[in-house]
Every structure is written in C-alpha cells, then in structure tokens.
file model.txt (compact mmCIF, N, CA and C atoms)
# COMPACT_ATOMS: atom_id res chain seq x y z
N MET P 473 12.54 24.35 -6.39
CA MET P 473 12.97 23.10 -6.98
C MET P 473 14.38 22.80 -6.48
N PRO P 474 14.61 21.61 -5.94
CA PRO P 474 15.93 21.29 -5.41
C PRO P 474 16.96 21.14 -6.53
N ARG P 475 18.20 21.42 -6.18
CA ARG P 475 19.28 21.30 -7.15
C ARG P 475 19.65 19.82 -7.33
N PRO P 476 20.07 19.44 -8.54
CA PRO P 476 20.46 18.05 -8.77
C PRO P 476 21.72 17.69 -7.97
N THR P 477 21.78 16.45 -7.53
CA THR P 477 22.95 15.99 -6.80
C THR P 477 24.01 15.52 -7.79
N SER P 478 25.21 15.29 -7.25
CA SER P 478 26.29 14.82 -8.12
C SER P 478 25.99 13.42 -8.66
N ALA P 479 25.28 12.61 -7.89
CA ALA P 479 24.91 11.28 -8.38
C ALA P 479 23.97 11.38 -9.58
N GLN P 480 23.04 12.33 -9.53
CA GLN P 480 22.13 12.51 -10.65
C GLN P 480 22.88 12.95 -11.90
N TYR P 481 23.83 13.88 -11.74
CA TYR P 481 24.66 14.30 -12.88
C TYR P 481 25.46 13.13 -13.44
N ALA P 482 26.06 12.35 -12.56
CA ALA P 482 26.91 11.24 -13.00
C ALA P 482 26.10 10.16 -13.72
N TYR P 483 25.00 9.72 -13.11
CA TYR P 483 24.17 8.69 -13.74
C TYR P 483 23.57 9.17 -15.06
N GLY P 484 23.10 10.39 -15.08
CA GLY P 484 22.53 10.93 -16.32
C GLY P 484 23.55 11.05 -17.43
N SER P 485 24.74 11.55 -17.09
CA SER P 485 25.79 11.71 -18.10
C SER P 485 26.26 10.37 -18.64
N CYS P 486 26.48 9.42 -17.75
CA CYS P 486 26.92 8.10 -18.19
C CYS P 486 25.86 7.43 -19.05
N THR P 487 24.60 7.62 -18.71
CA THR P 487 23.53 7.05 -19.50
C THR P 487 23.50 7.64 -20.90
N VAL P 488 23.67 8.95 -21.00
CA VAL P 488 23.66 9.60 -22.31
C VAL P 488 24.82 9.09 -23.15
N ILE P 489 26.00 9.04 -22.59
CA ILE P 489 27.18 8.63 -23.36
C ILE P 489 27.08 7.19 -23.81
N PHE P 490 26.80 6.28 -22.86
CA PHE P 490 26.79 4.86 -23.21
C PHE P 490 25.60 4.48 -24.09
N SER P 491 24.44 5.08 -23.85
CA SER P 491 23.30 4.73 -24.69
C SER P 491 23.46 5.28 -26.10
N ALA P 492 24.01 6.48 -26.23
CA ALA P 492 24.24 7.02 -27.58
C ALA P 492 25.27 6.18 -28.32
N LEU P 493 26.33 5.81 -27.64
CA LEU P 493 27.35 4.98 -28.27
C LEU P 493 26.78 3.62 -28.69
N ALA P 494 26.01 3.00 -27.81
CA ALA P 494 25.42 1.70 -28.13
C ALA P 494 24.44 1.80 -29.29
N MET P 495 23.59 2.81 -29.28
CA MET P 495 22.62 2.95 -30.37
C MET P 495 23.30 3.24 -31.70
N LEU P 496 24.36 4.06 -31.67
CA LEU P 496 25.07 4.36 -32.92
C LEU P 496 25.79 3.12 -33.45
N LEU P 497 26.38 2.34 -32.56
CA LEU P 497 27.08 1.14 -33.01
C LEU P 497 26.10 0.08 -33.52
N LEU P 498 24.97 -0.07 -32.84
CA LEU P 498 24.00 -1.08 -33.25
C LEU P 498 23.27 -0.70 -34.54
N SER P 499 23.00 0.57 -34.74
CA SER P 499 22.25 0.98 -35.92
C SER P 499 23.16 1.15 -37.15
N GLN P 500 24.43 1.40 -36.96
CA GLN P 500 25.40 1.62 -38.03
C GLN P 500 24.91 2.66 -39.03
N THR P 501 24.34 3.72 -38.52
CA THR P 501 23.82 4.77 -39.39
C THR P 501 24.91 5.77 -39.75
N THR P 502 24.79 6.36 -40.92
CA THR P 502 25.71 7.43 -41.33
C THR P 502 24.94 8.69 -41.70
N SER P 503 23.63 8.63 -41.65
CA SER P 503 22.79 9.76 -41.98
C SER P 503 22.75 10.74 -40.80
N GLY P 504 22.92 12.01 -41.11
CA GLY P 504 22.89 13.04 -40.07
C GLY P 504 21.55 13.12 -39.36
N HIS P 505 20.48 12.84 -40.09
CA HIS P 505 19.14 12.88 -39.50
C HIS P 505 19.00 11.83 -38.41
N TRP P 506 19.42 10.60 -38.70
CA TRP P 506 19.28 9.52 -37.72
C TRP P 506 20.24 9.68 -36.55
N ILE P 507 21.39 10.27 -36.79
CA ILE P 507 22.32 10.55 -35.69
C ILE P 507 21.71 11.55 -34.72
N ALA P 508 21.02 12.56 -35.26
CA ALA P 508 20.34 13.54 -34.40
C ALA P 508 19.21 12.89 -33.62
N VAL P 509 18.47 11.98 -34.24
CA VAL P 509 17.40 11.28 -33.55
C VAL P 509 17.96 10.44 -32.41
N ILE P 510 19.07 9.75 -32.66
CA ILE P 510 19.71 8.93 -31.63
C ILE P 510 20.22 9.81 -30.50
N ALA P 511 20.80 10.96 -30.83
CA ALA P 511 21.30 11.87 -29.80
C ALA P 511 20.16 12.38 -28.92
N LEU P 512 19.04 12.72 -29.51
CA LEU P 512 17.89 13.19 -28.74
C LEU P 512 17.32 12.07 -27.87
N ALA P 513 17.28 10.86 -28.39
CA ALA P 513 16.80 9.73 -27.60
C ALA P 513 17.73 9.47 -26.42
N ALA P 514 19.03 9.58 -26.64
CA ALA P 514 19.99 9.38 -25.55
C ALA P 514 19.84 10.46 -24.49
N LEU P 515 19.61 11.69 -24.91
CA LEU P 515 19.40 12.78 -23.94
C LEU P 515 18.13 12.56 -23.13
N ALA P 516 17.07 12.12 -23.79
CA ALA P 516 15.81 11.85 -23.08
C ALA P 516 16.00 10.72 -22.08
N LEU P 517 16.71 9.68 -22.47
CA LEU P 517 16.96 8.57 -21.56
C LEU P 517 17.83 9.01 -20.39
N GLY P 518 18.82 9.86 -20.64
CA GLY P 518 19.66 10.38 -19.56
C GLY P 518 18.86 11.22 -18.57
N LEU P 519 17.95 12.04 -19.06
CA LEU P 519 17.09 12.83 -18.17
C LEU P 519 16.20 11.93 -17.33
N LEU P 520 15.66 10.90 -17.95
CA LEU P 520 14.81 9.97 -17.22
C LEU P 520 15.58 9.29 -16.09
N VAL P 521 16.78 8.85 -16.38
CA VAL P 521 17.60 8.20 -15.37
C VAL P 521 17.97 9.18 -14.27
N ALA P 522 18.34 10.40 -14.63
CA ALA P 522 18.72 11.40 -13.63
C ALA P 522 17.56 11.74 -12.71
N TRP P 523 16.35 11.80 -13.25
CA TRP P 523 15.19 12.13 -12.42
C TRP P 523 14.79 11.00 -11.48
N THR P 524 15.10 9.75 -11.86
CA THR P 524 14.68 8.64 -11.03
C THR P 524 15.70 8.24 -9.97
N VAL P 525 16.89 8.85 -9.99
CA VAL P 525 17.87 8.57 -8.94
C VAL P 525 17.34 9.18 -7.65
N PRO P 526 17.24 8.39 -6.58
CA PRO P 526 16.70 8.94 -5.33
C PRO P 526 17.64 9.98 -4.73
N THR P 527 17.05 11.05 -4.25
CA THR P 527 17.84 12.10 -3.60
C THR P 527 17.87 11.86 -2.09
N PRO P 528 18.92 12.27 -1.43
CA PRO P 528 18.98 12.04 0.01
C PRO P 528 17.88 12.81 0.75
N GLY P 529 17.28 12.15 1.72
CA GLY P 529 16.28 12.80 2.55
C GLY P 529 14.88 12.76 1.99
N THR P 530 14.65 12.07 0.88
CA THR P 530 13.31 12.03 0.31
C THR P 530 12.58 10.74 0.65
N ARG P 531 13.16 9.90 1.47
CA ARG P 531 12.49 8.66 1.85
C ARG P 531 11.34 8.97 2.79
N THR P 532 10.29 8.22 2.65
CA THR P 532 9.15 8.41 3.53
C THR P 532 9.38 7.58 4.79
N PRO P 533 8.94 8.07 5.93
CA PRO P 533 9.16 7.30 7.16
C PRO P 533 8.32 6.03 7.16
N ALA P 534 8.87 5.00 7.74
CA ALA P 534 8.17 3.72 7.81
C ALA P 534 7.07 3.80 8.86
N GLU P 535 6.19 2.87 8.79
CA GLU P 535 5.11 2.80 9.78
C GLU P 535 5.71 2.55 11.16
N PRO P 536 5.22 3.23 12.19
CA PRO P 536 5.75 2.99 13.53
C PRO P 536 5.39 1.59 14.01
N ALA P 537 6.27 1.05 14.81
CA ALA P 537 6.01 -0.28 15.37
C ALA P 537 4.82 -0.21 16.32
N ALA P 538 4.27 -1.36 16.64
CA ALA P 538 3.06 -1.41 17.46
C ALA P 538 3.28 -0.84 18.86
N ASP P 539 4.46 -1.00 19.43
CA ASP P 539 4.68 -0.55 20.80
C ASP P 539 5.48 0.74 20.88
N GLU P 540 5.68 1.46 19.76
CA GLU P 540 6.46 2.70 19.80
C GLU P 540 5.71 3.84 20.47
N GLY P 541 4.40 3.86 20.38
CA GLY P 541 3.64 4.97 20.93
C GLY P 541 3.35 4.84 22.39
N ARG P 542 3.69 3.75 23.02
CA ARG P 542 3.38 3.54 24.44
C ARG P 542 4.47 4.13 25.32
N VAL P 543 4.03 4.68 26.40
CA VAL P 543 4.94 5.23 27.40
C VAL P 543 4.97 4.27 28.59
N PRO P 544 6.15 3.84 28.98
CA PRO P 544 6.18 2.92 30.14
C PRO P 544 5.75 3.64 31.41
N THR P 545 5.03 2.95 32.23
CA THR P 545 4.57 3.52 33.49
C THR P 545 5.39 2.93 34.63
N ALA P 546 5.66 3.77 35.63
CA ALA P 546 6.40 3.31 36.79
C ALA P 546 5.41 2.70 37.79
N LEU P 547 5.80 1.60 38.39
CA LEU P 547 4.94 0.95 39.36
C LEU P 547 5.36 1.27 40.77

call {"tool": "encode", "arguments": {"input": "model.txt", "output": "structure tokens"}}
result
Amino acid sequence: MPRPTSAQYAYGSCTVIFSALAMLLLSQTTSGHWIAVIALAALALGLLVAWTVPTPGTRTPAEPAADEGRVPTAL
C-alpha cells in the first residue's frame, strides 16, 4: 500500500478542522454525545477527501493517436 502524500495529509486535515468547526457552529450543540458524533463525521469526511486526492503517477495513459503506431518508410 503506498504511503500518503503531503497533499493528502493537508487536504484531509483541513477538511477535518473546517468541517468540524462548521458543523459545531451550525448545530450550536453543547451535548458531549453530539460533539462526539460531529467529530466522527468530520474524521470520516477528512478520510474521504484524503483518499480521493489524486496521487502522482496514477493517471492512466491516454489513447494513442491514430498515426503514432506508424513507422515512416524511406523512399
């Protein structure tokens, strides 16, 4: 399994922090139970974002052009 890149760490961490802050501010909850639920939801969202960040070198090659496979002949 490849190691996570710094971009994956950064995007995942920022997602966890900002989504948890937004959910806590929007819900205005003071119950410890709901704060834990929000924290778990923010962690799950951060993992989802970190997994979907493209890693370098994982792009699939494009279809070759129509004339790429031809070898020019000398006349």

call {"tool": "closest_residue", "arguments": {"input": "model.txt", "among": "P:Thr524, P:Leu498, P:Ala516, P:Ala546", "to": "Pro476 (chain P)", "atoms": "only C-alpha atoms"}}
result
P:Thr524

call {"tool": "residues_around", "arguments": {"input": "model.txt", "residues": "Gly518 (chain P)", "least_positions_apart": "5", "cutoff": "6 Å", "atoms": "all atoms listed in the file", "output": "PyMOL selection string"}}
result
chain P and resi 484-485+487-488+513+523

call {"tool": "closest_residue", "arguments": {"input": "model.txt", "among": "P:Pro526, P:Leu512, P:Ser503, P:Met495", "to": "Tyr483 (chain P)", "atoms": "only C-alpha atoms"}}
result
P:Pro526

call {"tool": "atom_distance", "arguments": {"input": "model.txt", "atom1": "CA of Val509 (chain P)", "atom2": "CA of Leu497 (chain P)"}}
result
14.0 Å

call {"tool": "atom_distance", "arguments": {"input": "model.txt", "atom1": "CA of Ala492 (chain P)", "atom2": "CA of Leu515 (chain P)"}}
result
8.4 Å

call {"tool": "atom_distance", "arguments": {"input": "model.txt", "atom1": "atom C of Ala508 (chain P)", "atom2": "atom C of Leu520 (chain P)"}}
result
18.3 Å
